[in-house]
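Following: one structure in structure tokens, then a few remarks.
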Amino acid sequence: MDAVVIERSKVKTALALIGSVLFCVASVVLWRAGNPVIGLLGLLTFGAFGVFIVRALFQSGPGLVLDDEGFVDDSSAGSVGRVLWADVTQLSTWAHQGANVLVVTVRNPETYVARLGAGRRRYARINMKMMGSPVGIASNPLKVDYDTLFALFTERLEKYRSRPTEGMLS
């Protein structure tokens with residue numbers, strides 16, 4: 001079966017950057033209006049998001065590739081990279097702030113976390129605490145809607161699981 005390649009959505013990413021900038025402006029307003037703690041926290045949080053979003057705008061290559069053996073996720077700052085279908089135990093949905101995230105539960109999640117750099121490792125551990133897995137894929141940064149994303153993963157995982165195993169040739 002051919003690989004499914006899903007590109008990053010520059011439009012959705014640009015809109016996220018605009019949102020991040022607006023929240024930074026709101027944080028400065030809060031700071032000046034007598035809420036320095038909330039203003040500073042907002043500025044630091046949304047400023048950091050802005051940095052990741054700008055980085056994503058200039059990344060090249062696809063955000064997600066699904067093939068016969070697994071998938072490669074490079075859709076966000078918290079992506080874990082290559083995941084094998086053999087390691088996937090479950091697909092589920094986690095709803096957060098009005099958006100759905102595809103949660104891919106894997107065997108030995110610490111193996112996936114350990115191979116990441118310090119920043120992504122921290123992000124993956126947060127994902128594990130919130131979603132139960134280091135692998136979470138939102139459709140927001142991709143040129144695909146959530147229902148299609150979930151259907152593609154379900155189809156590929158089922159095809160992998162229904163393959164004849166080696167040594168069972170007739």
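So you can find residues: chains in the structure tokens are A, B, ... in the order shown, residues in each start at 1, and ligands are numbered from 1 in order.
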Exercise. Which of chain A counts as strand (DSSP E or B) under DSSP, as a VMD selection string please?
Worked result: chain A and resid 4 to 6 8 64 to 66 70 to 73 81 to 84 88 to 96 99 to 106 135 to 138 142
For this session: For Asp68 of chain A, work out the shell of residues within 12 Å, counting only C-alpha atoms and skipping chain neighbours fewer than 6 positions away, then give it as a PyMOL selection string.
Result: chain A and resi 1-4+83-86+152-153+155-163
Problem set entry | Backbone-only DSSP, alpha helix (DSSP H) members of chain A, as a PyMOL selection string | chain A and resi 10-32+36-57+109-114+118-131+146-161
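Coordinates place atom CA of Leu17 of chain A at a distance of 23.2 Å from atom CA of Val135 of chain A.
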Problem set entry | Residue nearest Gly70 of chain A among A:Thr154, A:Ala138, A:Pro164, A:Thr111 (counting only C-alpha atoms) | A:Thr154
